[in-house]
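Participant: One structure, as structure tokens, below. Some questions next.
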Amino acid sequence: MAEEIDVIDISLTTCNCERDLVIKQSIIDKAPFDMLKIDDPSILNTFEGREICGGCYKSRKFFCYTCCVPVIDKKYFPQVKLPIKIDIIKHPKEIDGKSTAIHAMLLAPQDVKIYTYPDFPEFAKDDKFVLQAALEWL
Ligand SMILES: [Zn+2]
């Protein structure tokens, strides 16, 4: 069971002052996880060895980063519904086993899709989107 943590209201919608935003962001940056409610991860230490992925038959621990599926019971992978759809376009040289994009897809499989450049999502003319580039790409 996660420990309850007092939550500081950092709502950006109630703040119109850029200076306040900078101060609030600096507080978040110093301890970004302090306001999150995180379950005890010690259960993960009870898993020994690796499992064979049912999709690609490769040996994996916890999840398959190739097939983007858990290889242990799904109950250990909470799923969330995101308020937006996320398309992640990975660099072709990014190593799948090191990519954090997989984690997003495991936690929100209905809302996250992963593409490897030059594969690219298709957008309709009227779609609205936010582009966030990894610094390594710039
Ligand atoms: Zn697999």
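Identifiers in the structure tokens: chain A, B, ... in order shown; residue index from 1 per chain; ligand index from 1 in order shown.
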For ligand 1, list the contacting residues at 10 Å or closer, counting only C-alpha atoms and all ligand atoms, as a PyMOL selection string.
Facilitator: chain A and resi 52-60+63-71
Participant: Please save N, CA and C atoms of the selected residues as a tab-separated table (two decimals), in the first residue's frame.
Facilitator:
chain	number	residue	atom	x	y	z
A	52	ILE	N	9.59	-16.40	-20.73
A	52	ILE	CA	9.60	-16.39	-22.18
A	52	ILE	C	8.37	-15.63	-22.67
A	53	CYS	N	8.59	-14.67	-23.53
A	53	CYS	CA	7.48	-13.89	-24.09
A	53	CYS	C	6.68	-14.78	-25.03
A	54	GLY	N	5.36	-14.74	-24.87
A	54	GLY	CA	4.48	-15.53	-25.72
A	54	GLY	C	4.40	-15.02	-27.15
A	55	GLY	N	4.86	-13.79	-27.38
A	55	GLY	CA	4.80	-13.22	-28.73
A	55	GLY	C	6.03	-13.50	-29.56
A	56	CYS	N	7.20	-13.29	-28.96
A	56	CYS	CA	8.45	-13.42	-29.73
A	56	CYS	C	9.34	-14.55	-29.21
A	57	TYR	N	8.93	-15.17	-28.11
A	57	TYR	CA	9.66	-16.30	-27.51
A	57	TYR	C	11.07	-15.94	-27.04
A	58	LYS	N	11.27	-14.67	-26.76
A	58	LYS	CA	12.56	-14.26	-26.21
A	58	LYS	C	12.45	-14.19	-24.69
A	59	SER	N	13.58	-14.33	-24.03
A	59	SER	CA	13.64	-14.32	-22.57
A	59	SER	C	13.58	-12.88	-22.07
A	60	ARG	N	12.62	-12.60	-21.19
A	60	ARG	CA	12.45	-11.23	-20.68
A	60	ARG	C	12.18	-11.27	-19.18
A	63	PHE	N	8.58	-7.63	-18.51
A	63	PHE	CA	7.83	-7.30	-19.74
A	63	PHE	C	8.71	-7.47	-20.96
A	64	CYS	N	8.05	-7.63	-22.10
A	64	CYS	CA	8.79	-7.75	-23.36
A	64	CYS	C	8.83	-6.39	-24.02
A	65	TYR	N	10.03	-5.87	-24.18
A	65	TYR	CA	10.17	-4.55	-24.80
A	65	TYR	C	10.05	-4.62	-26.31
A	66	THR	N	10.02	-5.81	-26.87
A	66	THR	CA	9.81	-5.95	-28.31
A	66	THR	C	8.31	-5.98	-28.62
A	67	CYS	N	7.57	-6.76	-27.85
A	67	CYS	CA	6.13	-6.92	-28.08
A	67	CYS	C	5.29	-5.94	-27.25
A	68	CYS	N	5.91	-5.25	-26.32
A	68	CYS	CA	5.23	-4.28	-25.44
A	68	CYS	C	4.12	-4.95	-24.63
A	69	VAL	N	4.42	-6.10	-24.06
A	69	VAL	CA	3.45	-6.81	-23.22
A	69	VAL	C	4.14	-7.31	-21.96
A	70	PRO	N	3.38	-7.43	-20.86
A	70	PRO	CA	3.95	-8.03	-19.65
A	70	PRO	C	4.24	-9.51	-19.88
A	71	VAL	N	5.29	-10.02	-19.24
A	71	VAL	CA	5.55	-11.47	-19.26
A	71	VAL	C	5.28	-12.07	-17.88
Participant: Using only C-alpha atoms, tabulate the residues of stretch 6-98 of chain A lying at most 12 Å from any atom of stretch 111-128 of chain A, each with its closest atom pair and that distance in Å to one decimal, by chain and increasing residue number, as JSON lines.
Facilitator:
{"residue": "A:Tyr65", "atom": "CA", "partner": "A:Ile114", "partner_atom": "CA", "distance": 11.3}
{"residue": "A:Thr66", "atom": "CA", "partner": "A:Ile114", "partner_atom": "CA", "distance": 11.0}
{"residue": "A:Cys67", "atom": "CA", "partner": "A:Ile114", "partner_atom": "CA", "distance": 11.0}
{"residue": "A:Cys68", "atom": "CA", "partner": "A:Ile114", "partner_atom": "CA", "distance": 9.5}
{"residue": "A:Gln79", "atom": "CA", "partner": "A:Asp111", "partner_atom": "CA", "distance": 10.4}
{"residue": "A:Val80", "atom": "CA", "partner": "A:Asp111", "partner_atom": "CA", "distance": 8.9}
{"residue": "A:Lys81", "atom": "CA", "partner": "A:Asp111", "partner_atom": "CA", "distance": 7.0}
{"residue": "A:Leu82", "atom": "CA", "partner": "A:Asp111", "partner_atom": "CA", "distance": 6.3}
{"residue": "A:Pro83", "atom": "CA", "partner": "A:Asp111", "partner_atom": "CA", "distance": 8.4}
{"residue": "A:Ile84", "atom": "CA", "partner": "A:Asp111", "partner_atom": "CA", "distance": 6.9}
{"residue": "A:Lys85", "atom": "CA", "partner": "A:Asp111", "partner_atom": "CA", "distance": 4.7}
{"residue": "A:Ile86", "atom": "CA", "partner": "A:Val112", "partner_atom": "CA", "distance": 4.8}
{"residue": "A:Asp87", "atom": "CA", "partner": "A:Lys113", "partner_atom": "CA", "distance": 4.9}
{"residue": "A:Ile88", "atom": "CA", "partner": "A:Ile114", "partner_atom": "CA", "distance": 4.7}
{"residue": "A:Ile89", "atom": "CA", "partner": "A:Tyr115", "partner_atom": "CA", "distance": 4.6}
{"residue": "A:Lys90", "atom": "CA", "partner": "A:Thr116", "partner_atom": "CA", "distance": 4.7}
{"residue": "A:His91", "atom": "CA", "partner": "A:Tyr117", "partner_atom": "CA", "distance": 5.7}
{"residue": "A:Pro92", "atom": "CA", "partner": "A:Thr116", "partner_atom": "CA", "distance": 5.7}
{"residue": "A:Lys93", "atom": "CA", "partner": "A:Thr116", "partner_atom": "CA", "distance": 9.1}
{"residue": "A:Glu94", "atom": "CA", "partner": "A:Thr116", "partner_atom": "CA", "distance": 8.9}
{"residue": "A:Ile95", "atom": "CA", "partner": "A:Thr116", "partner_atom": "CA", "distance": 10.9}
{"residue": "A:Asp96", "atom": "CA", "partner": "A:Thr116", "partner_atom": "CA", "distance": 10.1}
Participant: A:Glu18, A:Phe33, A:Phe62, A:Gln132: which is nearest A:His103, counting only C-alpha atoms?
Facilitator: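 Comparing A:Glu18, A:Phe33, A:Phe62, A:Gln132 against A:His103, the winner is A:Phe62.
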Participant: Stretch 9-138 of chain A: which residues are alpha helix (DSSP H) by DSSP, as a list in words?
Facilitator: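 Everything in stretch 9-138 of chain A that counts as alpha helix (DSSP H) is Glu18, Arg19, Asp20, Leu21, Val22, Ile23, Lys24, Gln25, Ser26, Ile27, Ile28, Asp29, Lys30, Ala101, Ile102, His103, Ala104, Met105, Leu106 and Leu107 of chain A.
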Participant: Suppose you want the space between atom CA of A:Phe77 and atom CA of A:Gln110; what is it in Å?
Facilitator: 13.8 Å
Participant: List every residue of stretch 17-133 of chain A that DSSP, applied to the backbone, labels as strand (DSSP E or B), and write the result as a list in words.
Facilitator: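 Those residues are Glu51, Ile52, Ser59, Arg60, Phe63, Cys64, Val69, Pro70, Ile86, Asp87, Ile88, Ile89, Lys90, Val112, Lys113, Ile114, Tyr115 and Thr116 of chain A.
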